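So the structure is just underneath, and the comments pick up after that.
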Amino acid sequence: MKLYNTLTRSKDEFVPNEAGRVSMYTCGPTVYHYAHIGNLRSYIMEDILERYLAYSGYEVNRVMNITDVGHLTSDGDEGDDKMLKGAKREHKTVMEIAKFYTDAFFADCEKLNIKKPNTVVPATSYIDEFIRVVSALIEKGYAYEAGGNIYFDTSKLEKYYVFNDFDEEDLAVGVREGVEADSNKKNKTDFVLWFTKSKFDDQELKWDSPWGVGYPGWHIECSCISMKNNGEYLDIHCGGIDNAFPHHTNEIAQSEAYLGHKWCNNWFHVHHLNTEGGKMSKSKGEFLTVSLLEQKGYDPIVYRFFCLNSHYRKGLVFSYDNLDNAAAAYNKLVAKIVPLLGCEGEMDEAAFASLKKNFTDAMDNDLNTSLGITALYDVLKADISAKTKLALVEDFDSVLKVNLVAAAKKLQAGSAGDDLPEEIKTLAEQRKAARKEKNFALADELRDKIVAFGYSVEETRQGTVIKKI
């Protein structure tokens, strides 16, 4: 299996530190609001990676943090504290916000068939561990106290910019325009490990430390949580491409300074989901969440299928037209599986092995899910028994997790809708046209009319199912 490694900028053969076992870390959500579908693209692709590693015979230990304290907009003392911002917006405590949006995040994950990691750690539960590691970094000479805060000293490193090539002038001047200089720093690229002096005097969550009452910086959380649960050698670290700098850069700096050796061999970064207007965010345009897609009649699994039809290292453009195309393709795929259900016949082991190899070749080539889905279509076109086809569909879908057989069974069970009265069929067609034109108000009105005639309207993975109540 070859994966693109952001650290080496090449597709490298994946070889774990320990034979048969993979230690994996995923940067988790900052739980101050709902996750938008751009955030969730990363988790879908990380889920595919975990499932494919398990499919390939590895025992995977996946660890993820929940950032419920200390995530500022930047790596310095600038911007907004996201957790505090969420608490003020909803007039709740920070911990109430954290609990609500953590539950909401995992509810969205469940709808998208994203497996919950083996270990999930809220940052607030590891304060003693953060203090212990920061203390060790001070003792080793990699951290210093200034202005009441503890900073990591990047000048002690042989190389700081591990994911990008910068020159010495960049290192001296700083990394971003428009960011106020922190006069406490010895070097522009130094970053905070522990805050006791911050512009956020109303920070709700603070703890005693050897340096005074304060709270951890964002970067130290992931390093400590990973090292505690995955040991000193990490096989693969995952996250969105926007985390490569500064977050993952700083994780490497502090982790390797603490450990005294290389920490993580492979870095897996998922690229952005964009709208037609640019990068998706919570503050720009319509706030695109799983719940919103459901309200508009889309099944979350169709969004997962939409993501799998593109490579994780390519930017993906979201639009409702693109999602409609994915839904149509998914429905056609499911319809092709329906005739295979309940068919008798012999299992063709040679054909199974040959067609499975097409799938594993695609996935072994930098997790190419798009070609993996092509391998699925090849199965359905192949001149082999229905039993072999169905077995291959189930096998591939143990990785893709788009519920193909379950959806086919549901479509088969709901086919009795052909007996609908003409007036209901007309209303259904009008509603379908309204939804296609994104006239959701009219679609809802037509739905109410259908219900008034005594019929239920259910949105399924295959489309709308209308039945007599």
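By convention in this document, the chains of the structure tokens carry letters A, B, ... by their order, each chain's residues are numbered from 1, and ligands are numbered from 1 in the order they are shown.
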If we count only C-alpha atoms, what is near Ala382 in chain A at a cut-off of 12 Å, once residues fewer than 3 positions away on the same chain are taken out, given as a short mmCIF file (atom, residue, chain, number, x, y, z; two decimals) with N, CA and C atoms, in the first residue's frame?
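And here is the file that came out, result25.cif:
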data_model
loop_
_atom_site.label_atom_id
_atom_site.label_comp_id
_atom_site.auth_asym_id
_atom_site.auth_seq_id
_atom_site.Cartn_x
_atom_site.Cartn_y
_atom_site.Cartn_z
N ASP A 348 -17.97 -18.14 -7.76
CA ASP A 348 -16.80 -18.27 -8.63
C ASP A 348 -15.60 -17.65 -7.91
N ALA A 351 -12.99 -15.67 -10.11
CA ALA A 351 -13.49 -14.36 -10.53
C ALA A 351 -13.52 -13.40 -9.34
N PHE A 352 -13.92 -13.92 -8.17
CA PHE A 352 -13.95 -13.10 -6.96
C PHE A 352 -12.56 -12.52 -6.69
N SER A 354 -9.99 -12.18 -8.74
CA SER A 354 -9.53 -11.29 -9.81
C SER A 354 -10.16 -9.90 -9.70
N LEU A 355 -11.48 -9.86 -9.49
CA LEU A 355 -12.19 -8.58 -9.39
C LEU A 355 -11.88 -7.85 -8.09
N ALA A 375 -14.16 0.00 -9.81
CA ALA A 375 -14.03 -1.46 -9.67
C ALA A 375 -15.36 -2.10 -9.29
N LEU A 376 -16.17 -1.36 -8.54
CA LEU A 376 -17.50 -1.84 -8.16
C LEU A 376 -18.41 -1.94 -9.39
N TYR A 377 -18.38 -0.92 -10.24
CA TYR A 377 -19.16 -0.97 -11.48
C TYR A 377 -18.69 -2.11 -12.38
N ASP A 378 -17.39 -2.36 -12.40
CA ASP A 378 -16.86 -3.46 -13.21
C ASP A 378 -17.41 -4.81 -12.75
N VAL A 379 -17.61 -4.94 -11.44
CA VAL A 379 -18.20 -6.16 -10.89
C VAL A 379 -19.61 -6.35 -11.45
N SER A 385 -21.61 -15.07 -11.87
CA SER A 385 -22.87 -15.38 -11.19
C SER A 385 -23.30 -14.23 -10.28
N ALA A 386 -24.63 -14.14 -10.09
CA ALA A 386 -25.18 -13.11 -9.19
C ALA A 386 -24.63 -13.27 -7.78
N THR A 388 -21.69 -14.31 -6.85
CA THR A 388 -20.33 -13.77 -6.81
C THR A 388 -20.36 -12.25 -6.81
N LYS A 389 -21.24 -11.69 -7.65
CA LYS A 389 -21.36 -10.23 -7.70
C LYS A 389 -21.77 -9.66 -6.34
N LEU A 390 -22.78 -10.28 -5.74
CA LEU A 390 -23.28 -9.77 -4.46
C LEU A 390 -22.21 -9.88 -3.38
N LEU A 392 -19.00 -9.71 -3.81
CA LEU A 392 -18.01 -8.66 -4.05
C LEU A 392 -18.53 -7.29 -3.63
#
**Report entry** Test item: residues at most 12 Å from Gly231 in chain A, only C-alpha atoms, excluding those fewer than 2 positions along its chain, as an MDAnalysis selection string
**Finding:** chainID A and resid 17:18 22:25 61 63 223:229 233:235 255 259 263:264
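Shortest separation to Ile44 in chain A among A:Val399, A:Val338, A:Ile252, A:Ile138 occurs at residue A:Val399, atoms counted being only C-alpha atoms.
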Query raised in the report: Just asking: which residues within range 272-364 of chain A are helix (DSSP H, G or I) according to DSSP, as a ChimeraX atom specification?
Result: /A:290-295,300-308,320-340,349-364
Go ahead and save the picked residues with N, CA and C atoms, as a short mmCIF file (atom, residue, chain, number, x, y, z; two decimals), in the first residue's frame.
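Ended up saving to again-v7.cif:
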data_model
loop_
_atom_site.label_atom_id
_atom_site.label_comp_id
_atom_site.auth_asym_id
_atom_site.auth_seq_id
_atom_site.Cartn_x
_atom_site.Cartn_y
_atom_site.Cartn_z
N VAL A 290 -24.87 18.50 8.03
CA VAL A 290 -25.58 17.27 7.70
C VAL A 290 -27.08 17.47 7.89
N SER A 291 -27.45 18.14 8.96
CA SER A 291 -28.88 18.38 9.23
C SER A 291 -29.54 19.19 8.13
N LEU A 292 -28.82 20.18 7.61
CA LEU A 292 -29.38 20.98 6.53
C LEU A 292 -29.60 20.12 5.28
N LEU A 293 -28.64 19.26 4.97
CA LEU A 293 -28.82 18.37 3.81
C LEU A 293 -30.05 17.49 4.01
N GLU A 294 -30.23 16.98 5.23
CA GLU A 294 -31.40 16.15 5.52
C GLU A 294 -32.69 16.95 5.34
N GLN A 295 -32.69 18.19 5.81
CA GLN A 295 -33.88 19.03 5.69
C GLN A 295 -34.25 19.25 4.21
N PRO A 300 -27.64 11.50 4.15
CA PRO A 300 -26.22 11.74 4.42
C PRO A 300 -25.29 10.78 3.69
N ILE A 301 -25.74 9.53 3.48
CA ILE A 301 -24.89 8.55 2.80
C ILE A 301 -24.59 8.99 1.36
N VAL A 302 -25.51 9.74 0.74
CA VAL A 302 -25.25 10.26 -0.60
C VAL A 302 -24.08 11.25 -0.56
N TYR A 303 -23.99 12.03 0.53
CA TYR A 303 -22.85 12.95 0.66
C TYR A 303 -21.54 12.16 0.81
N ARG A 304 -21.57 11.07 1.57
CA ARG A 304 -20.37 10.22 1.68
C ARG A 304 -19.98 9.69 0.29
N PHE A 305 -20.97 9.21 -0.46
CA PHE A 305 -20.72 8.70 -1.80
C PHE A 305 -20.15 9.79 -2.70
N PHE A 306 -20.67 11.00 -2.58
CA PHE A 306 -20.17 12.16 -3.33
C PHE A 306 -18.68 12.38 -3.04
N CYS A 307 -18.29 12.30 -1.77
CA CYS A 307 -16.88 12.49 -1.39
C CYS A 307 -15.99 11.39 -1.95
N LEU A 308 -16.49 10.16 -1.96
CA LEU A 308 -15.68 9.03 -2.40
C LEU A 308 -15.43 9.04 -3.90
N TYR A 320 -25.37 21.94 -5.00
CA TYR A 320 -26.52 21.04 -4.96
C TYR A 320 -26.66 20.27 -6.28
N ASP A 321 -26.26 20.89 -7.38
CA ASP A 321 -26.30 20.16 -8.65
C ASP A 321 -25.34 18.97 -8.61
N ASN A 322 -24.14 19.19 -8.07
CA ASN A 322 -23.17 18.09 -7.96
C ASN A 322 -23.68 17.00 -7.03
N LEU A 323 -24.34 17.42 -5.95
CA LEU A 323 -24.88 16.44 -5.01
C LEU A 323 -26.05 15.67 -5.65
N ASP A 324 -26.86 16.37 -6.45
CA ASP A 324 -27.95 15.69 -7.17
C ASP A 324 -27.39 14.64 -8.13
N ASN A 325 -26.29 14.98 -8.80
CA ASN A 325 -25.66 14.02 -9.71
C ASN A 325 -25.16 12.80 -8.95
N ALA A 326 -24.59 13.04 -7.77
CA ALA A 326 -24.11 11.92 -6.94
C ALA A 326 -25.28 11.06 -6.48
N ALA A 327 -26.40 11.71 -6.12
CA ALA A 327 -27.59 10.97 -5.67
C ALA A 327 -28.14 10.12 -6.81
N ALA A 328 -28.18 10.67 -8.02
CA ALA A 328 -28.68 9.92 -9.17
C ALA A 328 -27.79 8.71 -9.46
N ALA A 329 -26.47 8.92 -9.39
CA ALA A 329 -25.53 7.82 -9.64
C ALA A 329 -25.66 6.75 -8.57
N TYR A 330 -25.84 7.19 -7.33
CA TYR A 330 -25.99 6.23 -6.22
C TYR A 330 -27.27 5.41 -6.40
N ASN A 331 -28.35 6.07 -6.74
CA ASN A 331 -29.63 5.37 -6.93
C ASN A 331 -29.56 4.35 -8.06
N LYS A 332 -28.88 4.71 -9.15
CA LYS A 332 -28.72 3.77 -10.28
C LYS A 332 -27.88 2.57 -9.86
N LEU A 333 -26.84 2.85 -9.05
CA LEU A 333 -25.98 1.77 -8.57
C LEU A 333 -26.77 0.80 -7.70
N VAL A 334 -27.57 1.34 -6.80
CA VAL A 334 -28.39 0.51 -5.92
C VAL A 334 -29.40 -0.30 -6.74
N ALA A 335 -29.99 0.34 -7.74
CA ALA A 335 -30.97 -0.36 -8.58
C ALA A 335 -30.35 -1.55 -9.30
N LYS A 336 -29.08 -1.46 -9.66
CA LYS A 336 -28.39 -2.57 -10.33
C LYS A 336 -28.15 -3.75 -9.38
N ILE A 337 -28.15 -3.46 -8.07
CA ILE A 337 -27.90 -4.50 -7.07
C ILE A 337 -29.18 -5.27 -6.73
N VAL A 338 -30.34 -4.62 -6.88
CA VAL A 338 -31.61 -5.24 -6.51
C VAL A 338 -31.80 -6.62 -7.17
N PRO A 339 -31.52 -6.79 -8.49
CA PRO A 339 -31.74 -8.11 -9.11
C PRO A 339 -30.82 -9.22 -8.56
N LEU A 340 -29.77 -8.82 -7.86
CA LEU A 340 -28.85 -9.83 -7.31
C LEU A 340 -29.36 -10.44 -6.01
N GLU A 349 -14.83 -18.48 -7.22
CA GLU A 349 -13.72 -18.00 -6.39
C GLU A 349 -12.64 -17.31 -7.22
N ALA A 350 -12.35 -17.82 -8.42
CA ALA A 350 -11.31 -17.22 -9.26
C ALA A 350 -11.72 -15.82 -9.71
N ALA A 351 -12.99 -15.67 -10.11
CA ALA A 351 -13.49 -14.36 -10.53
C ALA A 351 -13.52 -13.40 -9.34
N PHE A 352 -13.92 -13.92 -8.17
CA PHE A 352 -13.95 -13.10 -6.96
C PHE A 352 -12.56 -12.52 -6.69
N ALA A 353 -11.53 -13.37 -6.73
CA ALA A 353 -10.17 -12.93 -6.44
C ALA A 353 -9.68 -11.92 -7.47
N SER A 354 -9.99 -12.18 -8.74
CA SER A 354 -9.53 -11.29 -9.81
C SER A 354 -10.16 -9.90 -9.70
N LEU A 355 -11.48 -9.86 -9.49
CA LEU A 355 -12.19 -8.58 -9.39
C LEU A 355 -11.88 -7.85 -8.09
N LYS A 356 -11.64 -8.60 -7.04
CA LYS A 356 -11.24 -7.98 -5.77
C LYS A 356 -9.88 -7.29 -5.93
N LYS A 357 -9.00 -7.88 -6.71
CA LYS A 357 -7.67 -7.29 -6.92
C LYS A 357 -7.79 -5.92 -7.58
N ASN A 358 -8.76 -5.74 -8.47
CA ASN A 358 -8.98 -4.41 -9.07
C ASN A 358 -9.26 -3.38 -7.99
N PHE A 359 -10.07 -3.78 -7.02
CA PHE A 359 -10.43 -2.88 -5.92
C PHE A 359 -9.21 -2.60 -5.04
N THR A 360 -8.50 -3.64 -4.63
CA THR A 360 -7.34 -3.44 -3.74
C THR A 360 -6.22 -2.69 -4.44
N ASP A 361 -6.05 -2.91 -5.75
CA ASP A 361 -5.04 -2.14 -6.50
C ASP A 361 -5.36 -0.65 -6.45
N ALA A 362 -6.63 -0.31 -6.61
CA ALA A 362 -7.05 1.10 -6.55
C ALA A 362 -6.81 1.69 -5.16
N MET A 363 -7.20 0.96 -4.14
CA MET A 363 -7.08 1.48 -2.78
C MET A 363 -5.63 1.50 -2.31
N ASP A 364 -4.84 0.55 -2.78
CA ASP A 364 -3.41 0.53 -2.44
C ASP A 364 -2.66 1.68 -3.09
#
Query raised in the report: Nearest to Glu158 in chain A among A:Glu256, A:Glu422, A:Glu276, A:Asp103, with distances taken over only C-alpha atoms: which residue is it?
Result: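 Between A:Glu256, A:Glu422, A:Glu276, A:Asp103, the residue approaching Glu158 in chain A most closely is A:Glu256.
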Query raised in the report: From the set A:Trp218, A:Phe163, A:Phe268, A:Tyr4, which residue has the shortest atom-to-atom contact distance to Ile66 in chain A, counting only C-alpha atoms?
Result: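 Selected residue with least distance to Ile66 in chain A: A:Trp218.
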**Report entry** Selected residue of minimal separation from Leu371 in chain A among A:Leu400, A:Val15, A:Ile114, A:Met347, counting only C-alpha atoms
**Finding:**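 Once distances to Leu371 in chain A are computed over only C-alpha atoms, the minimum belongs to A:Leu400.
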**Report entry** CA of Ala413 in chain A to CA of Gly454 in chain A, distance in Å rounded to a single decimal
**Finding:** 19.9 Å
Query raised in the report: Could you pull the residues within 9 Å of Gly212 in chain A, counting only C-alpha atoms, minus those fewer than 3 positions along the same chain, as a ChimeraX atom specification?
Result: /A:148,195-196,207-209
**Report entry** Contacts of Val133 in chain A within 9 Å, only C-alpha atoms, excl. fewer than 4 positions in-chain, as number ranges by chain
**Finding:** A: 128-129, 137-138, 220, 224, 258
**Report entry** Between CA of Cys27 in chain A and CA of Trp211 in chain A - distance in Å to one decimal
**Finding:** 27.3 Å
Query raised in the report: Per DSSP on the backbone, what are the strand (DSSP E) residues of range 123-163 of chain A, as a PyMOL selection string?
Result: chain A and resi 143-146+149-152
Can I get the selection written as a compact mmCIF listing (two decimals), in the first residue's frame, with C-alpha atoms?
# COMPACT_ATOMS: atom_id res chain seq x y z
CA ALA A 143 10.80 26.13 26.20
CA TYR A 144 11.01 29.38 28.16
CA GLU A 145 8.82 31.64 30.27
CA ALA A 146 8.14 35.20 29.14
CA ASN A 149 3.38 32.49 29.26
CA ILE A 150 5.44 29.43 28.32
CA TYR A 151 6.75 29.43 24.73
CA PHE A 152 8.37 26.76 22.60
Compile the contact shell of Ile241 in chain A as a tab-separated table (two decimals) with C-alpha atoms, in the first residue's frame: residues with an atom at most 9 Å away, counting only C-alpha atoms, same-chain residues fewer than 3 positions apart removed.
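The result, written out as around15.tsv:
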chain	number	residue	atom	x	y	z
A	244	ALA	CA	-0.30	21.14	8.21
A	245	PHE	CA	0.86	24.61	9.21
A	268	PHE	CA	-2.15	12.07	5.73
A	269	HIS	CA	-3.81	15.36	4.80
A	270	VAL	CA	-7.26	15.72	3.21
A	271	HIS	CA	-7.81	18.72	0.94
A	272	HIS	CA	-10.60	21.27	1.14
A	313	ARG	CA	-5.82	15.08	-2.23
